[in-house]
Structure formats: structure tokens, C-alpha cells
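To keep things clear, I will list the structure first and then write my remarks on it.
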Amino acid sequence: MKQLISFEVKKMLRKPLIWVALIGLAAFMAMMEYSWVIPGYASIQMEEDGQKVTIEGFEAIALDREISSLYHGAFTDEKVRSIIETYDISDSAWKNMDIDPSREMHYTHNLMYNTLAVNGFINLDGSYNGITVEEIFGDLTPGLIIGYATGWECTVNVLLYTFLLWGCVLVIIVSPVFSEEYTIHMDALILTGIHGRRKCTLAKIISAFIITVVGSARLLAVGTLLMIAVHGSEGWDCSVQLGELTYFSYVPYQLNWIQLYGLACLAWFGGMLVLTSIVLVVSALAKSSFSALVISFVIYALPMFLPWNILPESLELWGYLLPITQMQLIRLFRFNMLTLGGLTFPPVYLAVPITVIVLAAGILWSKKGFSQHQVV
């Protein structure tokens, strides 16, 4: 069985198109990592001796970490005022650079100041507008933690888009696993062999899931290790609502970055396993490898373009639990916690039973579809 699985894995990865797709995926991830993480968009503008100076790259990362460490902890009104007063750049410094000081809020300062700006604490001219933390975040206020979490936020963003592209590559890899045998008329030889309907079919299914799991794990490992190498693991306990990019500002319950990272992994791996199951079924039922590829792509990509937000919230949630929408994370995390039998949990936990059910159904259906294929 091991030899059959090894043969099927090599068979799925042997085509030039597959390697072009994998190289493209690696190049895309490298570009995203450079743009967002190493060193990413790190930039600080500050005032020295009455002049505005700009610090970028790894030096900016180090300085942002140093400044953020001074404020790490509970997010309070006192910290808001302190950050704005300490890092406000004078009007004269802006004028020396021929920049309009009345639009200070729109310009980069440092991570702490920028976070306050995007979350609504700063006037257009850079001054404190007097709004309290509770006025903006309401019941979430007592549990909010501020600190340096750029590494976590940017890495989640990179992996999100990388996994979406990995899904496309996975469709290219897995869609021919059964359908190619019909195209080249090898199905008759396989299905009439002594192990064709059982071991060979099962080896194809196992091989597809091995590629899915190993590929997903490697993407996650690369992203995590690069984050730790450049930004460190600090900020794991900071609230996702206080991210500089504001992608998760509207999460309606307490959630820190390590929790979000774990739930994101659950969504990414679950989405990939569900996608693989669906593609295996399509491959077993399609008449050719080309039709299997096209149908699988449509099934994967179409939900991203459907207007789920016009549906009632209960139906909208299920729309965001489809593989491509689930892997986008952001919309899924905007739903309130769910309650079932006295247990309260984030909606993304629904991915677990969905994955198990679709996984079992996909294995059984694809196995039956291929093993019972009419040999001509």
C-alpha cells in the first residue's frame, strides 16, 4: 500500500503545469512576506530637534517594538492621551517638510499612534478628540490589551491570501486523480486489476489528502517561522480589535492574536480538507480531466462572488463556511458567538463537524464513483 501511495503522490506532482503552479505559489508568498512581514511596510515618522525624520525597514520594526513595550497591557483612556501627546509631531516640523499639518492624522507616526488614528481617537489635525475607549469599544473595553502585534496581524494577512491561492493550486493537482484515468483510458486496466477497485482507489484518495495536509502545514510553518524571526512572538495576548490594519476591529467578542491564529489554522486546514473532498468527488464523476478541472474551479471560486450578506444572518453564516469564504476569515469573525446546549463558541468551530462530515462523504462517494465506474 505504501508503494501505491508513493506512486500516486509522484504521479500527481510529476506534471510541468503542477510545478509551474507551485513555483507561482512560492513566488506569491515570498512577495507577500516581503511586502507585509520582512520588513513589510514598517515605517515611522517622528520629530527630532524640530525636524520630521523617517525611519523604515528593520530599524522601524525595532523602534516600534520598543515604543509598544512601554504601553503593553490594558487599553485605557490614560494610555490613549499619553500616546497622542508623546508622539504628536509639531506643526512647525510638518511645515518644514512642506506638509499640511492640518492633515496630520493621515500620515504615518508609529504603531501605537497609527492604531489610535484608525480606531477613531484622533482628529484630522493629529490632536486627541476626547472620545473614550468605552465609547468606541463598549462592553469589550475591560478585556482589551494593546501592544506590538504587527507580526501576528501581517502574517495572518499573508497566510490568508496564500491559502486562497493554494486552494487553486490544489484543484489543479487533485482534479485529475481519477478523471485522468478516463481521459487516457487507463480506468479499464486499473479497475479490472486484482487491487484496482480497492487498494488503487484508496491509494489515490490517501495521496490527495497527504498532499493537502503536507502542503498546508508547510505554508503555515514558513509563515510562522518568518514572523517569529522578524517580529518575535510578542503581542500574542493583544486584542485583535486593536490591529493597525483594522481587519478584525469588528470582532464582537474578546479574542487575542494567538486565539485568532489557532482558529485561522482550523479554518484553513478545514477548508482545504473540504475542498479536497469535493474535488475528489468531481474527479471520480467527471468524464475527463479537463471537465473535472473546470467544474472544481467553479465550485471553489463561485461562492466568493455571491451576495451572502443579503440573506438572513443564519443562512449568511453557512455561506461563509464554504471553503473559499471560510478561508477568508474576516467575514466569518464578524458574527457573534453561538450558543448550543449551554456552550458558547465562535462560529468558526462549526468548521469541525462540517469538515468531518464532508471528509467522510467525499471519501466514500469518490471511492464508490471510481470503483463502480463502467469499464468500456
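Following the order of the C-alpha cells, first chain is A, next is B, and so on, with residues numbered from 1 inside each chain and ligands from 1 in the order they appear.
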Using only C-alpha atoms, find each residue of region 97-209 of chain A with at least one atom at most 9 Å away from an atom of region 219-223 of chain A; report its shortest atom-to-atom pair and that distance in Å (one decimal), sort the rows by chain and rising residue number, and return the result as JSON lines.
{"residue": "A:Thr155", "atom": "CA", "partner": "A:Gly223", "partner_atom": "CA", "distance": 6.4}
{"residue": "A:Val156", "atom": "CA", "partner": "A:Gly223", "partner_atom": "CA", "distance": 8.5}
{"residue": "A:Val158", "atom": "CA", "partner": "A:Gly223", "partner_atom": "CA", "distance": 7.8}
{"residue": "A:Leu159", "atom": "CA", "partner": "A:Gly223", "partner_atom": "CA", "distance": 6.8}
{"residue": "A:Thr162", "atom": "CA", "partner": "A:Leu219", "partner_atom": "CA", "distance": 8.0}
{"residue": "A:Phe163", "atom": "CA", "partner": "A:Leu219", "partner_atom": "CA", "distance": 8.0}
{"residue": "A:Trp166", "atom": "CA", "partner": "A:Leu219", "partner_atom": "CA", "distance": 9.0}
Selection export as a PDB file, in the first residue's frame, atoms kept: C-alpha atoms:
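Final output, saved to part23.pdb:
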ATOM      1  CA  THR A 155       1.257  37.126   8.982  1.00  0.00           C
ATOM      2  CA  VAL A 156      -2.437  36.254   9.220  1.00  0.00           C
ATOM      3  CA  VAL A 158      -0.205  36.869   4.224  1.00  0.00           C
ATOM      4  CA  LEU A 159      -1.342  33.338   5.023  1.00  0.00           C
ATOM      5  CA  THR A 162      -1.602  32.380   0.303  1.00  0.00           C
ATOM      6  CA  PHE A 163      -4.109  29.712   1.340  1.00  0.00           C
ATOM      7  CA  TRP A 166      -3.044  27.261  -2.506  1.00  0.00           C
TER       8      TRP A 166
END
Taking a cut-off of 12 Å and counting only C-alpha atoms, can you build a table that, for each residue of region 286-367 of chain A near region 240-245 of chain A, reports the nearest atom pair and how far apart they are in Å (one decimal), sorted by chain then residue number, as a Markdown table?
| residue | atom | partner | partner_atom | distance |
| --- | --- | --- | --- | --- |
| A:Ile330 | CA | A:Val240 | CA | 11.4 |
| A:Phe333 | CA | A:Val240 | CA | 10.7 |
| A:Arg334 | CA | A:Gln241 | CA | 11.2 |
So that each row is one residue of region 33-77 of chain A with an atom at most 7 Å from region 143-151 of chain A, can you give its shortest atom pair and the distance in Å to one decimal, using only C-alpha atoms, rows by chain and rising number, as CSV?
residue,atom,partner,partner_atom,distance
A:Val37,CA,A:Gly151,CA,6.6
A:Arg65,CA,A:Tyr148,CA,5.9
A:Ser68,CA,A:Gly147,CA,5.3
A:Ser69,CA,A:Gly147,CA,6.5
A:Tyr71,CA,A:Gly147,CA,6.4
A:His72,CA,A:Gly147,CA,4.3
A:Gly73,CA,A:Ile145,CA,5.1
A:Ala74,CA,A:Ile145,CA,4.6
A:Phe75,CA,A:Ile145,CA,5.3
Counting only C-alpha atoms, figure out which residue out of A:Trp318, A:Pro101, A:Val169, A:Arg81 gets nearest to Ile23 (chain A).
A:Val169
Once DSSP has gone over the backbone, tell me which residues of region 135-362 of chain A are in strand (DSSP E), as a list of chain:residue names.
A:Ile145, A:Ile146, A:Leu338, A:Thr339, A:Leu340, A:Leu343, A:Thr344, A:Phe345
Please identify the alpha helix (DSSP H) residues within region 66-231 of chain A (assignment by DSSP from backbone atoms) and present them as a PyMOL selection string.
chain A and resi 66-71+77-87+91-96+111-118+133-137+150-174+176-183+187-191+201-231
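From CA of Asp77 (chain A) back to CA of Glu47 (chain A), the distance works out to 23.9 Å.
Residues in contact with region 253-261 of chain A at 7 Å, where only C-alpha atoms are counted and same-chain residues fewer than 3 positions away are skipped, are listed as Leu140, Gly143, Trp152, Trp236, Asp237, Cys238, Ser239, Val240, Ala264 and Cys265 of chain A.
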Residues within 8 Å of region 87-90 of chain A, only C-alpha atoms, excluding chain neighbours under 4 positions, as a PyMOL selection string:
chain A and resi 46-47+50+52+83+94+101+109-110+113+126-127
Could you save those same residues with C-alpha atoms as an mmCIF file, in the first residue's frame?
data_model
loop_
_atom_site.group_PDB
_atom_site.id
_atom_site.type_symbol
_atom_site.label_atom_id
_atom_site.label_comp_id
_atom_site.auth_asym_id
_atom_site.auth_seq_id
_atom_site.Cartn_x
_atom_site.Cartn_y
_atom_site.Cartn_z
ATOM 1 C CA MET A 46 8.942 61.251 14.370
ATOM 2 C CA GLU A 47 10.311 64.617 15.404
ATOM 3 C CA GLY A 50 12.273 70.297 15.438
ATOM 4 C CA LYS A 52 10.492 65.414 10.976
ATOM 5 C CA ILE A 83 0.450 58.154 23.209
ATOM 6 C CA TRP A 94 5.376 69.411 9.185
ATOM 7 C CA PRO A 101 -0.160 69.956 9.479
ATOM 8 C CA HIS A 109 3.740 58.144 13.037
ATOM 9 C CA ASN A 110 4.402 54.866 14.877
ATOM 10 C CA TYR A 113 -0.235 56.353 17.289
ATOM 11 C CA GLY A 126 -3.490 64.939 14.968
ATOM 12 C CA SER A 127 -4.944 66.010 18.302
#
When distances are computed from only C-alpha atoms, which of A:Val20, A:Tyr161, A:Leu63, A:Thr76 shows the smallest separation from Trp36 (chain A)?
A:Tyr161
Cut-off 12 Å: closest region 20-117 of chain A/region 170-173 of chain A atom pairs per residue, using only C-alpha atoms, as JSON lines:
{"residue": "A:Val20", "atom": "CA", "partner": "A:Ile172", "partner_atom": "CA", "distance": 10.9}
{"residue": "A:Ala21", "atom": "CA", "partner": "A:Ile172", "partner_atom": "CA", "distance": 8.2}
{"residue": "A:Leu22", "atom": "CA", "partner": "A:Leu170", "partner_atom": "CA", "distance": 9.4}
{"residue": "A:Leu25", "atom": "CA", "partner": "A:Leu170", "partner_atom": "CA", "distance": 10.7}
Output N, CA and C atoms for every residue in the selection just made, as an mmCIF file, in the first residue's frame.
data_model
loop_
_atom_site.group_PDB
_atom_site.id
_atom_site.type_symbol
_atom_site.label_atom_id
_atom_site.label_comp_id
_atom_site.auth_asym_id
_atom_site.auth_seq_id
_atom_site.Cartn_x
_atom_site.Cartn_y
_atom_site.Cartn_z
ATOM 1 N N VAL A 20 4.856 24.538 -12.261
ATOM 2 C CA VAL A 20 4.691 25.968 -12.558
ATOM 3 C C VAL A 20 3.760 26.607 -11.526
ATOM 4 N N ALA A 21 2.661 25.895 -11.215
ATOM 5 C CA ALA A 21 1.708 26.412 -10.226
ATOM 6 C C ALA A 21 2.341 26.510 -8.838
ATOM 7 N N LEU A 22 3.129 25.506 -8.453
ATOM 8 C CA LEU A 22 3.779 25.517 -7.139
ATOM 9 C C LEU A 22 4.840 26.610 -7.049
ATOM 10 N N LEU A 25 3.027 29.800 -6.636
ATOM 11 C CA LEU A 25 2.564 29.934 -5.248
ATOM 12 C C LEU A 25 3.700 30.394 -4.336
#
Using only C-alpha atoms, pick whichever of A:Thr339, A:Thr115, A:Thr141, A:Ser175 has the shortest atom-to-atom distance to Val282 (chain A).
A:Ser175
Measuring between only C-alpha atoms, which one of A:Leu111, A:Leu311, A:Leu13, A:Met272 shows the shortest distance to Val177 (chain A)?
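Between A:Leu111, A:Leu311, A:Leu13, A:Met272, the residue approaching Val177 (chain A) most closely is A:Leu13.
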Shell of 10 Å around Val230 (chain A), only C-alpha atoms, local chain residues under 6 positions omitted, as a PyMOL selection string
chain A and resi 37-39+58+61-62+151
Those same residues - C-alpha atoms - I'd like them written as a PDB file, in the first residue's frame.
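In the end it all went to part.pdb:
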ATOM      1  CA  VAL A  37       6.428  40.934   7.103  1.00  0.00           C
ATOM      2  CA  ILE A  38      10.152  41.087   6.186  1.00  0.00           C
ATOM      3  CA  PRO A  39      10.363  44.062   6.707  1.00  0.00           C
ATOM      4  CA  PHE A  58      14.050  46.654  10.258  1.00  0.00           C
ATOM      5  CA  ILE A  61      10.371  47.404  13.456  1.00  0.00           C
ATOM      6  CA  ALA A  62      12.826  47.556  16.350  1.00  0.00           C
ATOM      7  CA  GLY A 151       3.851  40.400  13.201  1.00  0.00           C
TER       8      GLY A 151
END
